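Chemist: As input, take protein-v6.cif (mmCIF, C-alpha atoms and all ligand atoms):
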```cif
data_input
#
loop_
_atom_site.label_atom_id
_atom_site.label_comp_id
_atom_site.auth_asym_id
_atom_site.auth_seq_id
_atom_site.Cartn_x
_atom_site.Cartn_y
_atom_site.Cartn_z
CA MET A 1 99.94 122.10 93.16
CA ILE A 2 96.80 120.80 94.85
CA SER A 3 95.17 123.48 97.00
CA ASN A 4 95.11 123.23 100.79
CA ASN A 5 91.34 122.94 101.17
CA VAL A 6 91.34 119.94 98.80
CA LEU A 7 94.25 118.34 100.69
CA GLN A 8 92.34 118.94 103.91
CA ILE A 9 89.23 117.10 102.66
CA ALA A 10 91.42 114.19 101.53
CA GLU A 11 93.07 114.13 104.97
CA ASP A 12 89.68 114.25 106.73
CA ILE A 13 88.52 111.20 104.75
CA LYS A 14 91.78 109.38 105.48
CA THR A 15 91.64 110.06 109.21
CA MET A 16 87.90 109.26 109.32
CA LYS A 17 86.91 112.75 110.43
CA ILE A 18 84.61 112.33 107.46
CA ARG A 19 83.35 108.75 107.44
CA GLY A 20 80.53 106.57 106.14
CA ALA A 21 80.38 105.74 102.44
CA GLY A 22 77.75 108.35 101.54
CA ALA A 23 79.53 111.18 103.36
CA ILE A 24 82.85 110.17 101.78
CA ALA A 25 81.33 110.37 98.28
CA ILE A 26 79.81 113.78 98.93
CA ALA A 27 83.12 115.02 100.39
CA ALA A 28 85.03 113.75 97.34
CA ALA A 29 82.68 115.59 94.98
CA GLU A 30 83.01 118.70 97.13
CA ALA A 31 86.82 118.37 96.99
CA MET A 32 86.74 118.25 93.18
CA LYS A 33 84.47 121.28 93.12
CA GLN A 34 86.85 123.13 95.45
CA ALA A 35 89.76 122.09 93.23
CA ALA A 36 88.02 123.74 90.27
CA LEU A 37 87.06 126.85 92.22
CA THR A 38 90.63 127.44 93.42
CA TYR A 39 92.39 126.43 90.19
CA ASN A 40 94.77 129.12 88.95
CA GLY A 41 96.93 127.17 86.50
CA GLU A 42 96.94 127.07 82.68
CA LYS A 43 93.57 126.33 81.14
CA ASP A 44 95.02 123.49 79.09
CA SER A 45 96.40 121.73 82.17
CA PHE A 46 93.13 121.60 84.09
CA ILE A 47 92.07 118.13 82.98
CA GLU A 48 95.41 116.70 84.06
CA TYR A 49 95.09 118.57 87.37
CA ILE A 50 91.58 117.37 88.15
CA ARG A 51 92.57 113.79 87.35
CA GLU A 52 95.42 114.14 89.88
CA VAL A 53 92.92 115.40 92.44
CA GLY A 54 90.71 112.40 91.65
CA LYS A 55 93.62 110.02 92.17
CA LEU A 56 94.56 111.68 95.45
CA LEU A 57 91.00 111.13 96.68
CA LEU A 58 91.01 107.51 95.50
CA ARG A 59 94.03 106.83 97.70
CA THR A 60 92.37 107.99 100.94
CA ARG A 61 90.32 104.89 101.86
CA PRO A 62 90.17 101.71 99.80
CA THR A 63 86.87 99.94 100.45
CA ALA A 64 83.81 102.13 99.84
CA VAL A 65 83.04 102.18 96.12
CA SER A 66 81.00 105.35 96.55
CA LEU A 67 84.34 107.20 96.48
CA PRO A 68 85.51 106.02 93.03
CA ASN A 69 81.94 106.31 91.80
CA ALA A 70 81.94 110.00 92.80
CA VAL A 71 85.31 110.68 91.19
CA PHE A 72 84.42 108.84 87.96
CA TYR A 73 80.98 110.44 87.75
CA ILE A 74 82.72 113.80 87.54
CA LEU A 75 85.71 112.84 85.36
CA LYS A 76 83.56 111.02 82.80
CA ARG A 77 81.16 113.92 82.40
CA ILE A 78 83.88 116.59 82.17
CA ASP A 79 85.35 114.61 79.28
CA SER A 80 82.09 114.61 77.37
CA SER A 81 80.93 118.13 78.33
CA SER A 82 80.98 120.94 75.80
CA GLU A 83 81.26 123.44 78.68
CA ASP A 84 84.55 124.92 79.89
CA PRO A 85 86.03 122.05 82.02
CA VAL A 86 86.50 124.20 85.14
CA LYS A 87 82.87 125.35 85.09
CA ALA A 88 81.73 121.86 84.13
CA THR A 89 83.48 120.35 87.17
CA ILE A 90 81.65 122.72 89.50
CA SER A 91 78.21 122.05 88.04
CA ILE A 92 78.75 118.28 87.72
CA ALA A 93 79.98 118.03 91.33
CA ASP A 94 76.88 119.95 92.48
CA GLU A 95 74.68 117.67 90.41
CA PHE A 96 76.31 114.57 91.94
CA ILE A 97 75.85 115.86 95.50
CA SER A 98 72.23 116.75 94.90
CA ASN A 99 71.56 113.32 93.31
CA VAL A 100 73.01 111.57 96.37
CA LYS A 101 70.94 113.67 98.76
CA ASN A 102 67.77 112.97 96.75
CA ALA A 103 68.63 109.26 96.71
CA GLN A 104 68.90 109.32 100.49
CA LEU A 105 65.44 110.88 100.81
CA ARG A 106 63.90 108.25 98.54
CA ILE A 107 65.64 105.43 100.40
CA ALA A 108 64.18 106.72 103.67
CA LYS A 109 60.66 106.58 102.15
CA TYR A 110 61.08 103.11 100.60
CA GLY A 111 62.71 101.69 103.72
CA SER A 112 60.08 103.08 106.02
CA LYS A 113 57.47 100.88 104.31
CA LEU A 114 59.23 97.84 105.80
CA ILE A 115 58.69 99.09 109.34
CA SER A 116 55.53 98.69 111.39
CA ASP A 117 54.49 99.37 114.98
CA ASP A 118 56.09 97.36 117.81
CA MET A 119 58.95 96.04 115.70
CA VAL A 120 62.42 95.57 117.13
CA ILE A 121 64.99 96.60 114.52
CA MET A 122 68.67 95.84 114.76
CA THR A 123 71.33 98.00 113.13
CA HIS A 124 75.12 98.02 113.09
CA CYS A 125 77.80 100.73 112.98
CA HIS A 126 76.61 104.16 111.83
CA SER A 127 74.97 104.26 108.43
CA SER A 128 73.29 107.52 107.52
CA ALA A 129 71.12 105.63 105.00
CA ALA A 130 69.92 103.09 107.59
CA VAL A 131 69.42 105.84 110.17
CA SER A 132 67.39 107.92 107.68
CA VAL A 133 65.02 104.97 107.17
CA LEU A 134 64.48 104.68 110.93
CA ILE A 135 63.95 108.41 111.38
CA GLU A 136 61.51 108.59 108.46
CA ALA A 137 59.43 105.71 109.89
CA TRP A 138 59.42 107.38 113.30
CA LYS A 139 58.33 110.70 111.79
CA GLU A 140 55.51 108.87 110.00
CA GLY A 141 54.26 107.91 113.46
CA LYS A 142 55.43 104.31 113.62
CA ARG A 143 56.54 103.24 117.08
CA PHE A 144 59.32 100.67 117.33
CA LYS A 145 62.54 99.94 119.21
CA VAL A 146 66.10 99.76 117.94
CA ILE A 147 68.92 97.52 119.08
CA ASN A 148 72.25 98.94 118.00
CA THR A 149 75.73 97.48 118.24
CA GLU A 150 78.56 99.53 119.69
CA THR A 151 80.76 98.50 116.71
CA ARG A 152 84.23 97.93 118.02
CA PRO A 153 86.93 99.05 117.68
CA LYS A 154 85.89 102.58 116.65
CA PHE A 155 82.44 102.62 118.28
CA GLN A 156 80.52 104.23 115.42
CA GLY A 157 77.41 102.70 117.07
CA ARG A 158 77.60 105.50 119.61
CA VAL A 159 76.95 107.99 116.82
CA THR A 160 73.87 106.00 115.78
CA ALA A 161 72.61 105.77 119.37
CA SER A 162 73.06 109.48 119.87
CA ILE A 163 71.23 110.44 116.63
CA LEU A 164 68.32 108.05 117.19
CA THR A 165 67.74 108.96 120.83
CA LYS A 166 67.77 112.65 119.88
CA GLU A 167 64.77 111.83 117.65
CA GLY A 168 63.06 110.11 120.59
CA ILE A 169 63.60 106.58 119.24
CA PRO A 170 64.25 104.07 122.06
CA VAL A 171 67.66 102.41 121.64
CA THR A 172 69.21 99.42 123.37
CA HIS A 173 72.97 99.60 122.89
CA ILE A 174 74.75 96.22 122.86
CA PRO A 175 78.29 94.83 122.58
CA ASP A 176 78.89 93.30 119.14
CA SER A 177 79.52 89.91 120.69
CA SER A 178 75.89 89.73 121.92
CA ILE A 179 74.31 89.99 118.46
CA ARG A 180 73.16 86.35 118.36
CA TYR A 181 71.92 86.49 121.95
CA HIS A 182 69.48 89.27 121.03
CA MET A 183 68.46 88.08 117.58
CA SER A 184 65.50 86.02 118.83
CA ASN A 185 63.81 89.31 119.83
CA VAL A 186 64.50 91.07 116.51
CA ASP A 187 61.96 91.52 113.68
CA LEU A 188 64.11 93.25 111.09
CA VAL A 189 67.76 94.13 110.45
CA ILE A 190 68.75 97.26 108.53
CA VAL A 191 72.41 98.12 107.93
CA GLY A 192 74.23 100.34 105.43
CA ALA A 193 76.65 99.48 102.63
CA ASP A 194 80.14 100.45 101.59
CA THR A 195 80.11 98.39 98.41
CA VAL A 196 77.74 96.01 96.68
CA THR A 197 79.25 93.72 94.05
CA SER A 198 77.59 92.81 90.75
CA ASP A 199 76.74 89.35 92.15
CA GLY A 200 74.99 90.84 95.19
CA HIS A 201 77.61 90.53 97.94
CA LEU A 202 77.43 93.29 100.52
CA VAL A 203 80.63 94.84 101.86
CA ASN A 204 79.95 96.73 105.06
CA LYS A 205 81.41 97.38 108.51
CA ILE A 206 83.14 94.39 110.04
CA GLY A 207 80.60 92.29 111.90
CA THR A 208 77.80 92.84 109.37
CA SER A 209 78.20 89.26 108.16
CA ILE A 210 77.70 87.98 111.72
CA LEU A 211 74.44 89.93 111.91
CA ALA A 212 73.34 88.44 108.61
CA LEU A 213 74.26 84.94 109.71
CA ALA A 214 72.38 85.29 112.99
CA ALA A 215 69.39 86.89 111.21
CA ASP A 216 69.31 84.05 108.68
CA GLU A 217 69.39 81.46 111.45
CA ALA A 218 66.52 83.20 113.27
CA ASP A 219 64.54 83.76 110.04
CA VAL A 220 64.74 87.55 110.39
CA GLU A 221 64.72 89.71 107.25
CA PHE A 222 68.03 91.46 106.55
CA TYR A 223 68.17 94.66 104.47
CA SER A 224 70.93 97.03 103.45
CA ALA A 225 69.98 100.66 102.83
CA CYS A 226 72.21 101.88 100.05
CA GLU A 227 72.28 104.52 97.35
CA SER A 228 73.13 103.26 93.84
CA ILE A 229 76.59 104.82 94.21
CA LYS A 230 77.40 101.95 96.60
CA PHE A 231 77.16 99.44 93.72
CA SER A 232 80.48 98.56 92.12
CA PRO A 233 80.73 98.55 88.32
CA ALA A 234 84.39 97.50 88.60
CA SER A 235 83.36 94.29 90.39
CA PHE A 236 81.70 93.24 87.12
CA ALA A 237 84.96 93.83 85.26
CA GLY A 238 86.91 91.53 87.58
CA GLY A 239 87.96 94.23 90.06
CA HIS A 240 88.67 93.06 93.59
CA ILE A 241 87.27 94.76 96.64
CA ILE A 242 90.10 95.79 98.95
CA ILE A 243 89.25 95.39 102.61
CA GLU A 244 90.83 98.18 104.62
CA GLU A 245 93.12 96.83 107.34
CA ARG A 246 93.47 99.30 110.19
CA SER A 247 95.98 99.71 113.01
CA ALA A 248 96.61 97.39 115.96
CA GLU A 249 96.53 100.41 118.26
CA GLU A 250 92.88 100.96 117.38
CA VAL A 251 92.07 97.52 118.77
CA LEU A 252 94.31 97.61 121.84
CA GLY A 253 93.59 101.17 122.96
CA GLU A 254 95.38 101.86 126.22
CA HIS A 255 96.83 98.34 126.24
CA LYS A 256 99.07 98.81 123.24
CA ASP A 257 102.10 97.71 125.28
CA LEU A 258 100.76 94.18 124.61
CA LEU A 259 102.23 94.62 121.16
CA ASP A 260 105.71 94.37 122.70
CA LYS A 261 105.02 90.76 123.77
CA ARG A 262 106.68 88.06 121.71
CA GLY A 263 104.20 86.22 119.49
CA MET A 264 101.51 88.92 119.83
CA PHE A 265 99.70 89.88 116.62
CA VAL A 266 96.58 91.92 116.01
CA ARG A 267 94.32 91.94 112.96
CA ASN A 268 91.90 94.79 112.36
CA PRO A 269 89.99 94.48 109.08
CA ALA A 270 87.38 97.25 108.89
CA PHE A 271 84.83 95.55 106.61
CA ASP A 272 83.51 92.11 105.74
CA PHE A 273 81.51 90.34 103.01
CA THR A 274 77.92 89.22 103.46
CA PRO A 275 76.77 86.72 100.83
CA PRO A 276 73.63 87.43 98.74
CA GLU A 277 71.85 84.34 100.13
CA GLN A 278 71.65 86.06 103.52
CA ILE A 279 70.37 89.40 102.21
CA THR A 280 66.62 89.94 101.78
CA GLY A 281 67.05 93.14 99.80
CA PHE A 282 68.85 96.39 99.07
CA ILE A 283 66.83 99.52 99.80
CA THR A 284 67.89 101.86 96.99
CA GLU A 285 66.51 105.07 95.50
CA TYR A 286 65.05 102.89 92.70
CA GLY A 287 63.14 100.69 95.10
CA ILE A 288 63.86 97.57 97.12
CA LEU A 289 65.91 95.14 95.04
CA PRO A 290 66.75 91.49 95.60
CA PRO A 291 70.53 90.90 95.60
CA ARG A 292 70.33 89.10 92.25
CA ALA A 293 69.20 92.42 90.67
CA SER A 294 72.56 94.07 91.48
CA LEU A 295 73.96 93.65 88.00
CA LEU A 296 70.75 95.02 86.51
CA LEU A 297 71.10 98.13 88.65
CA ILE A 298 74.77 98.52 87.71
CA LYS A 299 73.85 98.27 84.03
CA TYR A 300 71.03 100.78 84.39
CA VAL A 301 72.94 103.36 86.45
CA PHE A 302 76.52 103.10 85.19
CA GLY A 303 76.46 101.11 81.95
CA LEU A 304 78.33 97.82 81.67
CA SER A 305 81.53 99.32 80.27
CA SER A 306 82.03 101.77 83.16
CA GLY A 307 83.75 99.11 85.29
CA GLU A 308 86.57 98.74 82.77
CA MET A 309 86.99 102.51 82.56
CA GLN A 310 87.24 102.78 86.33
CA MET A 311 89.80 100.02 86.46
CA ARG A 312 91.97 101.65 83.81
CA LEU A 313 92.23 104.84 85.82
CA LEU A 314 92.90 102.89 89.01
CA GLU A 315 95.69 100.99 87.26
CA GLU A 316 97.34 104.31 86.39
CA GLU A 317 97.77 105.02 90.11
CA PRO A 318 101.37 105.31 91.31
C1 LIG B 401 80.90 102.91 107.95
C2 LIG B 401 80.02 101.81 107.48
C3 LIG B 401 78.64 102.20 107.06
C4 LIG B 401 78.62 102.41 105.55
C5 LIG B 401 77.32 103.07 105.09
O1 LIG B 401 82.25 102.52 108.08
O2 LIG B 401 80.41 100.67 107.35
O3 LIG B 401 77.72 101.18 107.36
O4 LIG B 401 79.69 103.25 105.18
O5 LIG B 401 77.20 104.34 105.67
P1 LIG B 401 83.35 103.61 108.51
P2 LIG B 401 76.28 105.46 105.00
O6 LIG B 401 82.91 104.21 109.80
O7 LIG B 401 84.62 102.81 108.63
O8 LIG B 401 83.44 104.64 107.40
O9 LIG B 401 74.91 104.87 104.94
O10 LIG B 401 76.39 106.62 105.95
O11 LIG B 401 76.83 105.76 103.65
#
```
Show me, as structure tokens, the structure contained in the file I just sent.
Modeler:
Amino acid sequence: MISNNVLQIAEDIKTMKIRGAGAIAIAAAEAMKQAALTYNGEKDSFIEYIREVGKLLLRTRPTAVSLPNAVFYILKRIDSSSEDPVKATISIADEFISNVKNAQLRIAKYGSKLISDDMVIMTHCHSSAAVSVLIEAWKEGKRFKVINTETRPKFQGRVTASILTKEGIPVTHIPDSSIRYHMSNVDLVIVGADTVTSDGHLVNKIGTSILALAADEADVEFYSACESIKFSPASFAGGHIIIEERSAEEVLGEHKDLLDKRGMFVRNPAFDFTPPEQITGFITEYGILPPRASLLLIKYVFGLSSGEMQMRLLEEEP
């Protein structure tokens, strides 16, 4: 039986108490570590158990590839480790978490090089990677302004506004629908990433593709700050990215009685695709890459066969 603290982490990811692709990956690794720490079954059954935990985590939210990348990082290494699998899970999960945190620090440094005094930088939703770039640049003494979208329907932009203003960074908070209106005053766009495909498409919070389109039209550079765990090896093996579709209630809020009207439908996809042609670069822990280098990065970090392995385990899901 899966322990309560592991079930709780899975529930927190599902209900978005833990959200953002990086935080989800770290939480998944932490859940697998907790599963090992609290395991009291037969030694021989541990591998089966930890795979079940992995599958439970994979079912929480469908879009961010950082989640399967975390789970597979651990499962693959337990399989090839000579250490006792329970101990191996704990040390591999710790290693994964520390790698992600180091990646985030490097991304902040690389990204900060793109920022100079007096810039106006637009961001969308709440991405800890994008925010870390802005905070690093500010700490280095650069003085700029941020325009941030509120990001309907869940308003993650409020989290961004609150973090940035706490650092002293001036923020202008805007409705998503005014993105194009403001773009003529913007020098740079930096967003996060949930998934990057092998052909350089960016999957990120719904509305990101509108930002990219408006930035392209206004000749503004568009970057995504993203750890390598946001790149999808499965996309190279023909895997499809599933866009999470969320509830109508989230969109309607206190007006959910509208749903009772005949002919009334609501759609609430949580993410969209931005094509590589509208992306200037991905700010990763390995440096700033053009979208066409996505496959190269996948090959370097995961190996080309890892996509097939991921898909096999996903296919085993009930
Ligand atoms: C969050 C979102 C973020 C990415 C990157 O969506 O789209 O831009 O996850 O975030 P949600 P980070 O709120 O639905 O999880 O840089 O923190 O990994």
Chemist: Check the smallest atom-to-atom distance from each of A:Val159, A:Met183, A:Met1, A:Ile78 to ligand LIG 401 (chain B) using all atoms listed in the file, then report the winner.
Modeler: A:Val159
Chemist: Please identify all protein, DNA and RNA residues within 9 Å of ligand LIG 401 (chain B), counting all atoms listed in the file, and report them as a VMD selection string.
Modeler: chain A and resid 13 16 18 to 25 61 63 to 64 66 104 124 to 132 154 to 156 191 to 195 203 to 206 208 224 to 227 230 244 270 to 271
Chemist: Pick out the residues sitting within 7 Å of range 32-49 of chain A, and hand them over as an MDAnalysis selection string; count only C-alpha atoms, and ignore anything fewer than 5 positions along from it in its own chain.
Modeler: chainID A and resid 3 6 86 89:90 93
Chemist: Write out as a tab-separated table the residues of range 68-147 of chain A that have any atom within 10 Å of an atom of range 305-315 of chain A, one row each with the nearest atom pair and its distance in Å to one decimal, counting all atoms listed in the file, sorted by chain and then rising number.
Modeler:
```
residue	atom	partner	partner_atom	distance
A:Pro68	CA	A:Gln310	CA	7.6
A:Asn69	CA	A:Gln310	CA	8.4
A:Val71	CA	A:Gln310	CA	9.5
A:Phe72	CA	A:Gln310	CA	6.9
A:Tyr73	CA	A:Ser306	CA	9.9
A:Lys76	CA	A:Met309	CA	9.2
```
Chemist: Could you pull the residues within 9 Å of range 274-278 of chain A, counting all atoms listed in the file, minus those fewer than 5 positions along the same chain, as a ChimeraX atom specification?
Modeler: /A:199-204,208-210,212-213,215-216,221-222,290-292
Chemist: Considering only C-alpha atoms, can you say which of A:Asp79, A:Ile229, A:Ile9, A:Leu67 comes closest to Arg51 in chain A?
Modeler: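 Using only C-alpha atoms, Arg51 in chain A sits closest to A:Asp79.
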